[in-house]
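Shown below: query-v2.cif, with mmCIF, C-alpha atoms.
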```
data_query
loop_
_atom_site.label_atom_id
_atom_site.label_comp_id
_atom_site.auth_asym_id
_atom_site.auth_seq_id
_atom_site.Cartn_x
_atom_site.Cartn_y
_atom_site.Cartn_z
CA MET A 688 111.19 -33.92 14.51
CA PRO A 689 109.02 -31.86 12.13
CA THR A 690 105.28 -32.05 12.69
CA ALA A 691 102.52 -32.20 10.09
CA LEU A 692 98.81 -31.66 10.71
CA VAL A 693 96.51 -33.46 8.26
CA THR A 694 92.75 -32.96 8.07
CA GLY A 695 90.54 -35.74 6.79
CA ALA A 696 93.33 -38.07 7.85
CA THR A 697 91.51 -41.38 8.33
CA ALA A 698 90.85 -42.30 4.70
CA GLY A 699 91.86 -41.71 1.10
CA ILE A 700 94.33 -38.98 0.22
CA GLY A 701 94.57 -37.74 3.81
CA LEU A 702 95.47 -41.18 5.14
CA GLU A 703 98.07 -41.59 2.40
CA PHE A 704 99.59 -38.22 3.30
CA ALA A 705 99.75 -39.33 6.93
CA ARG A 706 101.50 -42.58 6.01
CA GLN A 707 104.05 -41.03 3.67
CA LEU A 708 104.81 -38.14 6.02
CA ALA A 709 105.27 -40.62 8.86
CA GLY A 710 107.62 -42.54 6.59
CA ARG A 711 109.66 -39.35 6.26
CA GLY A 712 109.92 -39.12 10.04
CA ASN A 713 107.30 -36.45 10.62
CA GLY A 714 105.34 -36.36 13.83
CA LEU A 715 101.63 -36.10 13.09
CA VAL A 716 98.48 -34.40 14.26
CA LEU A 717 95.54 -36.23 12.69
CA VAL A 718 92.20 -34.46 12.36
CA ALA A 719 88.90 -36.14 11.45
CA ARG A 720 85.40 -36.57 12.82
CA ASP A 721 85.50 -40.27 13.73
CA THR A 722 87.35 -40.80 17.02
CA ALA A 723 87.50 -44.58 16.67
CA ARG A 724 89.04 -44.40 13.20
CA LEU A 725 91.47 -41.71 14.35
CA ASP A 726 92.67 -43.90 17.18
CA ALA A 727 93.05 -46.91 14.88
CA VAL A 728 95.05 -44.96 12.30
CA ALA A 729 97.21 -43.39 15.00
CA ALA A 730 98.01 -46.81 16.46
CA GLU A 731 98.93 -48.14 13.00
CA LEU A 732 101.27 -45.23 12.30
CA ARG A 733 102.97 -45.37 15.68
CA THR A 734 103.64 -49.08 15.25
CA SER A 735 104.71 -48.93 11.60
CA TYR A 736 106.83 -45.77 11.67
CA SER A 737 107.77 -45.12 15.32
CA VAL A 738 106.61 -41.51 15.18
CA GLU A 739 104.62 -39.40 17.59
CA VAL A 740 100.95 -39.18 16.59
CA GLU A 741 98.38 -36.88 18.17
CA VAL A 742 94.68 -37.15 17.38
CA LEU A 743 92.18 -34.32 17.32
CA ALA A 744 88.55 -35.22 16.65
CA ALA A 745 86.76 -32.30 15.03
CA ASP A 746 83.87 -31.64 12.67
CA LEU A 747 85.11 -28.75 10.52
CA THR A 748 81.56 -27.60 9.79
CA ASP A 749 81.23 -26.71 13.48
CA PRO A 750 82.86 -23.34 14.25
CA ALA A 751 83.74 -24.35 17.82
CA GLN A 752 85.41 -27.59 16.75
CA LEU A 753 87.17 -25.85 13.89
CA GLY A 754 88.44 -23.39 16.49
CA LEU A 755 90.14 -26.22 18.39
CA VAL A 756 92.15 -27.10 15.29
CA GLU A 757 93.03 -23.42 14.81
CA GLN A 758 94.28 -23.28 18.39
CA ARG A 759 96.48 -26.34 17.84
CA LEU A 760 97.99 -24.80 14.70
CA ALA A 761 98.65 -21.52 16.49
CA ASP A 762 100.37 -23.15 19.49
CA ARG A 763 103.90 -21.69 19.47
CA ASP A 764 105.11 -24.26 22.01
CA ARG A 765 104.16 -27.17 19.72
CA PRO A 766 104.81 -25.83 16.24
CA VAL A 767 103.30 -27.39 13.14
CA ASP A 768 105.69 -27.34 10.19
CA LEU A 769 103.27 -28.57 7.51
CA LEU A 770 99.51 -28.20 7.24
CA VAL A 771 97.67 -30.47 4.81
CA ASN A 772 94.15 -29.15 4.23
CA ASN A 773 92.64 -32.32 2.83
CA ALA A 774 89.18 -32.67 4.42
CA GLY A 775 86.30 -32.36 2.00
CA PHE A 776 83.27 -33.97 0.45
CA GLY A 777 81.19 -33.72 -2.70
CA LEU A 778 77.47 -33.57 -3.40
CA LYS A 779 75.86 -35.83 -5.97
CA ASN A 780 72.75 -33.76 -6.65
CA GLY A 781 72.49 -30.46 -8.47
CA PHE A 782 72.52 -27.11 -6.67
CA LEU A 783 68.75 -26.64 -6.47
CA ASP A 784 68.24 -30.28 -5.47
CA ASN A 785 70.31 -29.84 -2.32
CA PRO A 786 69.07 -28.11 0.83
CA ILE A 787 70.97 -24.87 1.22
CA ASP A 788 72.29 -26.01 4.61
CA VAL A 789 73.96 -28.97 2.91
CA GLU A 790 75.52 -26.67 0.32
CA GLN A 791 76.69 -24.36 3.11
CA ALA A 792 78.25 -27.27 5.02
CA GLN A 793 80.26 -28.18 1.95
CA GLN A 794 81.51 -24.62 1.57
CA ASP A 795 82.35 -24.51 5.28
CA VAL A 796 84.74 -27.44 4.83
CA LEU A 797 86.13 -26.60 1.40
CA VAL A 798 86.54 -22.84 1.87
CA ARG A 799 86.06 -21.57 5.42
CA ALA A 800 88.15 -24.30 7.04
CA VAL A 801 90.95 -23.86 4.51
CA LEU A 802 90.93 -20.10 5.06
CA ARG A 803 90.92 -20.23 8.85
CA LEU A 804 93.37 -23.11 9.28
CA THR A 805 95.84 -21.61 6.82
CA HIS A 806 95.61 -18.28 8.65
CA ALA A 807 96.25 -19.99 11.98
CA ALA A 808 99.24 -21.93 10.64
CA LEU A 809 100.93 -19.23 8.58
CA ALA A 810 101.57 -16.77 11.40
CA GLY A 811 103.93 -19.09 13.25
CA MET A 812 105.53 -20.39 10.06
CA VAL A 813 106.35 -16.88 8.88
CA GLU A 814 107.80 -16.03 12.31
CA ARG A 815 110.02 -19.13 12.22
CA GLY A 816 110.99 -18.57 8.59
CA HIS A 817 109.98 -22.03 7.39
CA GLY A 818 106.94 -24.22 6.90
CA GLY A 819 104.34 -25.12 4.36
CA VAL A 820 100.70 -25.65 3.49
CA ILE A 821 99.32 -28.14 1.00
CA ASN A 822 95.73 -27.38 0.05
CA VAL A 823 94.08 -30.36 -1.62
CA SER A 824 92.07 -28.84 -4.44
CA SER A 825 90.85 -30.58 -7.60
CA VAL A 826 91.04 -30.60 -11.38
CA ALA A 827 87.37 -29.66 -11.04
CA ALA A 828 88.63 -26.16 -10.20
CA PHE A 829 89.31 -25.70 -13.92
CA LEU A 830 85.88 -26.97 -15.02
CA PRO A 831 82.34 -25.60 -14.61
CA ARG A 832 80.96 -28.24 -12.24
CA GLY A 833 78.81 -26.41 -9.71
CA THR A 834 79.60 -25.21 -6.23
CA TYR A 835 82.28 -27.85 -5.66
CA SER A 836 84.25 -26.53 -8.62
CA ALA A 837 83.67 -22.96 -7.47
CA ALA A 838 85.07 -23.77 -4.03
CA LYS A 839 88.11 -25.49 -5.48
CA ALA A 840 88.72 -22.57 -7.86
CA TRP A 841 88.86 -20.38 -4.76
CA VAL A 842 91.37 -22.79 -3.16
CA ASN A 843 93.59 -22.54 -6.24
CA SER A 844 93.46 -18.76 -6.35
CA PHE A 845 94.02 -18.41 -2.61
CA SER A 846 96.94 -20.84 -2.65
CA ALA A 847 98.61 -19.12 -5.62
CA TRP A 848 98.36 -15.77 -3.86
CA ALA A 849 99.63 -17.12 -0.53
CA HIS A 850 102.58 -18.82 -2.19
CA ALA A 851 103.56 -15.61 -3.99
CA GLU A 852 103.16 -13.65 -0.77
CA TYR A 853 105.11 -15.91 1.61
CA ALA A 854 107.55 -18.01 -0.43
CA GLU A 855 110.33 -15.44 0.05
CA ARG A 856 109.73 -15.71 3.79
CA GLY A 857 110.36 -19.46 3.79
CA VAL A 858 106.80 -20.76 3.50
CA THR A 859 105.58 -22.83 0.56
CA VAL A 860 101.84 -22.92 -0.15
CA MET A 861 100.81 -25.42 -2.80
CA ALA A 862 97.47 -26.40 -4.33
CA LEU A 863 97.21 -30.08 -5.23
CA CYS A 864 94.72 -30.75 -8.01
CA PRO A 865 93.93 -34.46 -8.35
CA GLY A 866 91.25 -35.85 -10.62
CA PHE A 867 89.50 -39.14 -9.90
CA VAL A 868 91.33 -41.01 -7.12
CA LYS A 869 90.63 -44.50 -5.82
CA THR A 870 89.40 -43.51 -2.35
CA GLU A 871 86.15 -43.50 -0.35
CA PHE A 872 85.20 -40.11 -1.81
CA HIS A 873 82.92 -41.42 -4.56
CA GLU A 874 81.59 -44.25 -2.41
CA ARG A 875 80.40 -41.68 0.13
CA LEU A 876 78.93 -39.72 -2.74
CA GLY A 877 76.86 -42.77 -3.68
CA VAL A 878 78.64 -43.15 -7.02
CA ASP A 879 79.71 -46.37 -8.74
CA ARG A 880 83.38 -46.01 -9.62
CA ASP A 881 83.36 -48.43 -12.57
CA SER A 882 80.61 -46.66 -14.47
CA SER A 883 81.18 -43.06 -13.42
CA ALA A 884 84.43 -42.33 -15.29
CA PRO A 885 86.84 -44.09 -17.68
CA LYS A 886 89.40 -46.35 -16.00
CA LEU A 887 92.20 -44.31 -17.53
CA LEU A 888 91.23 -41.33 -15.34
CA TRP A 889 91.48 -43.11 -12.00
CA LEU A 890 94.63 -42.47 -9.96
CA GLU A 891 96.21 -44.47 -7.14
CA PRO A 892 96.46 -42.43 -3.91
CA ASP A 893 99.99 -43.58 -3.08
CA ARG A 894 101.45 -42.36 -6.38
CA LEU A 895 99.40 -39.16 -6.18
CA VAL A 896 100.77 -38.26 -2.74
CA HIS A 897 104.32 -39.30 -3.63
CA ASP A 898 104.33 -36.98 -6.64
CA ALA A 899 102.62 -34.19 -4.69
CA LEU A 900 105.28 -34.27 -1.98
CA ALA A 901 107.97 -34.23 -4.66
CA ASP A 902 106.40 -31.09 -6.15
CA PHE A 903 106.14 -29.54 -2.69
CA ASP A 904 109.81 -30.27 -1.99
CA LYS A 905 110.64 -28.36 -5.18
CA GLY A 906 108.71 -25.34 -3.91
CA ARG A 907 105.98 -25.50 -6.52
CA ALA A 908 102.74 -23.58 -6.07
CA LEU A 909 100.63 -26.03 -8.09
CA SER A 910 100.72 -29.81 -8.42
CA ILE A 911 98.68 -31.56 -11.11
CA PRO A 912 99.18 -35.34 -11.15
CA SER A 913 99.93 -37.35 -14.29
CA ARG A 914 100.25 -36.33 -17.91
CA ARG A 915 96.58 -37.05 -18.56
CA TYR A 916 95.37 -34.49 -16.03
CA LYS A 917 97.96 -31.94 -17.09
CA ALA A 918 96.55 -32.32 -20.60
CA ILE A 919 92.98 -31.94 -19.32
CA VAL A 920 93.84 -28.74 -17.49
CA THR A 921 95.64 -27.35 -20.53
CA GLY A 922 92.71 -28.29 -22.73
CA SER A 923 90.21 -26.70 -20.37
CA LYS A 924 91.78 -23.32 -21.12
CA LEU A 925 91.23 -23.80 -24.85
CA VAL A 926 87.84 -25.52 -25.04
CA PRO A 927 84.67 -23.34 -25.05
CA ARG A 928 82.80 -23.29 -21.75
CA SER A 929 79.70 -24.65 -23.45
CA ALA A 930 81.63 -27.80 -24.39
CA LEU A 931 83.01 -28.17 -20.87
CA GLN A 932 79.45 -28.12 -19.51
CA ARG A 933 78.99 -31.56 -21.03
CA LEU A 934 81.34 -32.94 -18.37
CA GLN A 935 78.92 -32.02 -15.59
CA GLY A 936 77.73 -35.57 -15.06
CA LEU A 937 81.13 -37.25 -15.16
CA GLY A 938 81.87 -38.97 -11.85
CA ARG A 939 78.30 -38.63 -10.52
CA LYS A 940 76.55 -41.73 -11.89
#
```
Would you kindly transcribe this structure into structure tokens?
Amino acid sequence: MPTALVTGATAGIGLEFARQLAGRGNGLVLVARDTARLDAVAAELRTSYSVEVEVLAADLTDPAQLGLVEQRLADRDRPVDLLVNNAGFGLKNGFLDNPIDVEQAQQDVLVRAVLRLTHAALAGMVERGHGGVINVSSVAAFLPRGTYSAAKAWVNSFSAWAHAEYAERGVTVMALCPGFVKTEFHERLGVDRDSSAPKLLWLEPDRLVHDALADFDKGRALSIPSRRYKAIVTGSKLVPRSALQRLQGLGRK
């Protein structure tokens, strides 16, 4: 039975990845901060899909707890075949309105954790000659939207390099770039979904993950969901940066 490790696995995109991977017969290692929610999700998946589910409570902003997840990924006796780096959060306020420690915590999850967990996973995957990493990035990576966008741009660049470096050795590394998805992300941000972005831009997590896994199965390095977001990304390369700056407030009201 192949095994997948999913961070941020108790809600939203991470939970949907866990469900669909369990439906494919994958054993799971679920990583999140909330032990009670981890246990509840694990029980649901075991009952619904008859797969093995391991839980690992960890706050990825804490180096010691992040290290526990690295150790699990590096365990040669219990190999992980797929790593889904999904954990993340956004900040509603502007850069100078946030304490620097809050900004640093965001970068720790969006960049440092992705870097370290991918490093821990890739070594064994390359040795075995198969495996994969899905790094959940964002369409924001293509837009000038503060430190969140900057972090996601790094995820895209890192994933593209890693895919080019290791694809011939049997390992697929893919960046998934969703836009607005109907999850808890914006609720935690303190944002009203109905007024923050046009309804046309909101995606369903089940379709998003289904299409992402289809792209991953094809060995793609980049997955952008739906025609509308593909058009946005294409347009972002043609529109002047000054015009793109006007999108700063979208999704934050």
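Distances from A:Thr834, A:Glu852, A:Glu891, A:Arg907 to A:Leu797 were compared using only C-alpha atoms, and the smallest one belongs to A:Thr834.
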To box stretch 775-793 of chain A, take all atoms listed in the file, fit an axis-aligned box, add 5 Å on each side, and give centre and edge lengths in Å to one decimal, as lines of an AutoDock Vina configuration file.
```
center_x = 77.3
center_y = -30.1
center_z = -1.7
size_x = 28.1
size_y = 21.5
size_z = 23.5
```
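Reported to one decimal place, the separation of atom CA of A:Val789 from atom CA of A:His806 is 24.8 Å.
Closest approach to A:Ser737 among A:Asn843, A:Asn713, A:Asn822, A:Gln794: A:Asn713, based on all atoms listed in the file.
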- Item | Shell of 8 Å around A:Gly816, all atoms listed in the file, local chain residues under 2 positions omitted, as a ChimeraX atom specification | /A:812-814,818,856-858
- Message: List as a list in words the protein and nucleic acid residues near A:Val826, meaning an atom at most 9 Å away when all atoms listed in the file are counted, but skip any in the same chain fewer than 3 places from it.
- Response: Phe829, Leu830, Ser836, Lys839, Leu863, Cys864, Pro865, Gly866, Phe867, Ile911, Tyr916, Ile919 and Val920 of chain A
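The residues returned by the PyMOL selection byres ((chain A and resi 773-788) around 8) on the shown structure are Val693, Thr694, Gly695, Ala696, Ile700, Gly701, Ala719, Val771, Asn772, Val789, Glu790, Gln791, Ala792, Gln793, Val796, Leu797, Asn822, Val823, Gly833, Thr834, Tyr835, Phe872, Leu876, Gly877, Val878 and Arg939 of chain A.
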- Result set, the PyMOL selection byres ((chain A and resi 711) around 12) on current file, as number ranges by chain: A: 688-691, 704-710, 712-715, 732, 736-738, 897, 900
Mind writing the picked residues with C-alpha atoms as a PDB file, in the frame of the given file?
```pdb
ATOM      1  CA  MET A 688     111.190 -33.920  14.510  1.00  0.00           C
ATOM      2  CA  PRO A 689     109.020 -31.860  12.130  1.00  0.00           C
ATOM      3  CA  THR A 690     105.280 -32.050  12.690  1.00  0.00           C
ATOM      4  CA  ALA A 691     102.520 -32.200  10.090  1.00  0.00           C
ATOM      5  CA  PHE A 704      99.590 -38.220   3.300  1.00  0.00           C
ATOM      6  CA  ALA A 705      99.750 -39.330   6.930  1.00  0.00           C
ATOM      7  CA  ARG A 706     101.500 -42.580   6.010  1.00  0.00           C
ATOM      8  CA  GLN A 707     104.050 -41.030   3.670  1.00  0.00           C
ATOM      9  CA  LEU A 708     104.810 -38.140   6.020  1.00  0.00           C
ATOM     10  CA  ALA A 709     105.270 -40.620   8.860  1.00  0.00           C
ATOM     11  CA  GLY A 710     107.620 -42.540   6.590  1.00  0.00           C
ATOM     12  CA  GLY A 712     109.920 -39.120  10.040  1.00  0.00           C
ATOM     13  CA  ASN A 713     107.300 -36.450  10.620  1.00  0.00           C
ATOM     14  CA  GLY A 714     105.340 -36.360  13.830  1.00  0.00           C
ATOM     15  CA  LEU A 715     101.630 -36.100  13.090  1.00  0.00           C
ATOM     16  CA  LEU A 732     101.270 -45.230  12.300  1.00  0.00           C
ATOM     17  CA  TYR A 736     106.830 -45.770  11.670  1.00  0.00           C
ATOM     18  CA  SER A 737     107.770 -45.120  15.320  1.00  0.00           C
ATOM     19  CA  VAL A 738     106.610 -41.510  15.180  1.00  0.00           C
ATOM     20  CA  HIS A 897     104.320 -39.300  -3.630  1.00  0.00           C
ATOM     21  CA  LEU A 900     105.280 -34.270  -1.980  1.00  0.00           C
TER      22      LEU A 900
END
```
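Minimum atom-to-atom distance to A:Ala723, evaluated using all atoms listed in the file, belongs to A:Thr697 out of A:Thr697, A:Thr805, A:Thr859, A:Ser913.
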- Item | Hits from the PyMOL selection byres ((chain A and resi 754-763) around 10), listed as an MDAnalysis selection string | chainID A and resid 691:692 694 716 718 743:747 749:753 764:770 800 803:812 814:815
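Our summary of the geometry notes that atom CA of A:Ala827 is positioned 10.2 Å from atom CA of A:Ser923.
In this comparison, which uses all atoms listed in the file, the residue of A:Ala847, A:Ala840, A:Leu890, A:Leu909 approaching A:Val798 most closely is A:Ala840.
In this structure, atom CA of A:Ala849 sits 19.7 Å away from atom CA of A:Asp795.
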- Out of A:Ala918, A:Val868, A:Ala730, A:Leu725, which residue has the shortest atom-to-atom distance to A:Leu895 when counting only C-alpha atoms? A:Val868
- Who sits within 12 Å of A:Ala727, only C-alpha atoms, same chain under 3 positions skipped, as a ChimeraX atom specification: /A:696-698,702,717,721-724,730-734,740-742
